[in-house]
Amino acid sequence: MATSKVSRRGFLLGASASVLGLGSGGRPAAAPARTGPLPTAPDASLLELSAVDAVGAMRTGALAAERYAGALLERCVQLQALNAFITLDPVRVLEQARSADLERAGGAKLGPLHGLPIPVKDSVNTVQYATTAGTPALRDFRPPADAPLVAALRGAGAIVLGKTNMHELSFGWTSNNLAFGAVHNPYDPTRIPGGSSGGTAAAVAAHMAPLGIAEDTEGSIRVPAALCGVTGFRPTTRRYSTAGVIPASSLLDQTGPHARSMADIALFDRVATGDTRELHRLALGGVRLAVSRGYWFEGLDSEVERITREALSKLREAGAVIVEAEVPGLRELIERTADEVVDHDVRLELTRYLTANGARVGFDEVIARASPDIRAIFEHEVMPGSPAFVSEAAYQTVVKHHLPKLRRTFKDYFASTGAAALLFPTTMVTAPRIGDEGELIVRGRKVSFDVAIGRNIAPGSRAGLPGLVMPAGIAADGLPVALEFDGPAGTDRALLALGVAIEPVLGHVPPPGPAA
């Protein structure tokens, strides 16, 4: 689509012909990946707005919700090749934005997200759109109601911008979806955006929206945030509702936001929890941040190591106290809590979800029709009789002994160090190329993809800790590097306040392409 402004009628006609899915949940036509910089967007100043600033302008009438939605939608169309969305319906979004403008003009009480279009990961139930989980059998599945999290955001005035592409059934960290097409990283479309919430992260990074809904079982918020240069927040497990979300394991699943600013993450948290208090202002002077090098810092890519080292220096200069202390027995505990929980729970919980939401297909049919890569995982690890099938006895050992011990270990670690958070690089490497999912070469050594991407994020989600991922810099290959800050369980507001204080110290990374 042309980059110049177009009339509303012209935009609708063009978008209706070209935007993927268009509310049907259909597979988008294949689009060639861009290898150059992202194109300059129309209404660029609108695309740069944070959610807080956009909502503030729309609430006062300084910005029409319909104009803002139109700018975001045109950006979505313009960057269709990133394949960030499975379903997008511009007509519906603009109608709802127009209604928001009429409500404001009529003197209605406006919510804290008034008029804000928010992309939603396609594993989260939306009554107005299909919820596919990125898998063929659910292509046309329409849940009977919004997930409670979506209902809360819509009740606060938000508009569902569309349903974002993802790793199929959330079983992977690449978002290389064989059914709906790969999501591309806005910083380099030959690279993965991370997964499984890759579409939401790509949309936020590419300025298609300032704030989006993601979901994390074992890294699915944090990995895409890190690889796409945005901020991601996985709260303490069960802080936000996961009802109406296609499950992997209720012991680990947790919804959360992607955004480009801490203010927007805090706004999301206030709406999701109903806790409208402002965060306490925090100075970094004297704040203790723990570093455990024996697990999280081994074998890092040289650029990830450099940027992490520079970030630690910035934090020290800002007054933070870096506490060097190892988490005792961590490696063994992680090995003992490997994939048993998810491999055991997904078969039972996905079956219950499908029945409860009136799906016309059952678990067996979903897996039988899944893409070959996903079907192979389930046939090897999940299905009864499979080679790696998790017995009930093995599962109970993990759930009753190893996971509680892991959580006690972290509780004791934070108590003994006095640390507000444990910090580390989110991933060992920057975003790998799409298709490089076997072994990676890191500083001349072969490292499995799962270790390079998943090693560092595993402890936090298994221990139920709140985790905040923040961009720390751009590597020599032009790709983002991020730090993760994991706090003690239940200290979410304190961790968000810490993030607000850290944000100006680390600074913002340049956005992808010349759109900034």
# chains A, B, ... in the order shown; residues from 1 in each chain; ligands from 1
$ select_by_dssp --residues "region 255-392 of chain A" --states "helix (DSSP H, G or I)" --output "PyMOL selection string"
chain A and resi 262-273+293-296+302-317+330-336+340-356+363-368+372-381+392
$ select_by_dssp --residues "region 380-463 of chain A" --states "strand (DSSP E or B)" --output "list in words"
Ala421, Leu422, Leu423, Phe424, Pro425, Arg433, Glu439, Leu440, Ile441, Val442, Arg445, Lys446, Val447 and Ser448 of chain A
$ closest_residue --among "A:Thr87, A:Asn177, A:Thr135, A:Ser261" --to "Gly194 (chain A)" --atoms "only C-alpha atoms"
A:Asn177
$ closest_residue --among "A:Ser241, A:Thr126, A:Thr200, A:Gln254" --to "Gly464 (chain A)" --atoms "only C-alpha atoms"
A:Gln254
$ residues_around --residues "Gly155 (chain A)" --least-positions-apart "4" --cutoff "10 Å" --atoms "only C-alpha atoms" --output "PyMOL selection string"
chain A and resi 110-114+149-151+159+271
$ residues_around --residues "Thr231 (chain A)" --least-positions-apart "5" --cutoff "9 Å" --atoms "only C-alpha atoms" --output "list of chain:residue names"
A:Ala201, A:Arg222, A:Ala225, A:Ala226, A:Pro257, A:His258, A:Ala259, A:Arg260, A:Ser261, A:Met262, A:Ile265, A:Leu468, A:Val469, A:Met470, A:Pro471, A:Ala482
$ closest_residue --among "A:Ala156, A:Leu169, A:Ala497, A:Val204" --to "Arg281 (chain A)" --atoms "only C-alpha atoms"
A:Ala497
$ closest_residue --among "A:Ile377, A:Val321, A:Met58, A:Met208" --to "Ala290 (chain A)" --atoms "only C-alpha atoms"
A:Val321
$ closest_residue --among "A:Lys405, A:Arg375, A:Arg443, A:Arg493" --to "Val304 (chain A)" --atoms "only C-alpha atoms"
A:Arg443
$ residues_around --residues "Gly244 (chain A)" --least-positions-apart "3" --cutoff "10 Å" --atoms "only C-alpha atoms" --output "ChimeraX atom specification"
/A:123-126,143-150,241,247,353,356-357
$ atom_distance --atom1 "CA of Ile307 (chain A)" --atom2 "CA of Leu282 (chain A)"
24.2 Å
$ atom_distance --atom1 "CA of Leu496 (chain A)" --atom2 "CA of Glu326 (chain A)"
24.1 Å
$ closest_residue --among "A:Pro136, A:Gly107, A:Pro504, A:Pro510" --to "Ala318 (chain A)" --atoms "only C-alpha atoms"
A:Pro504
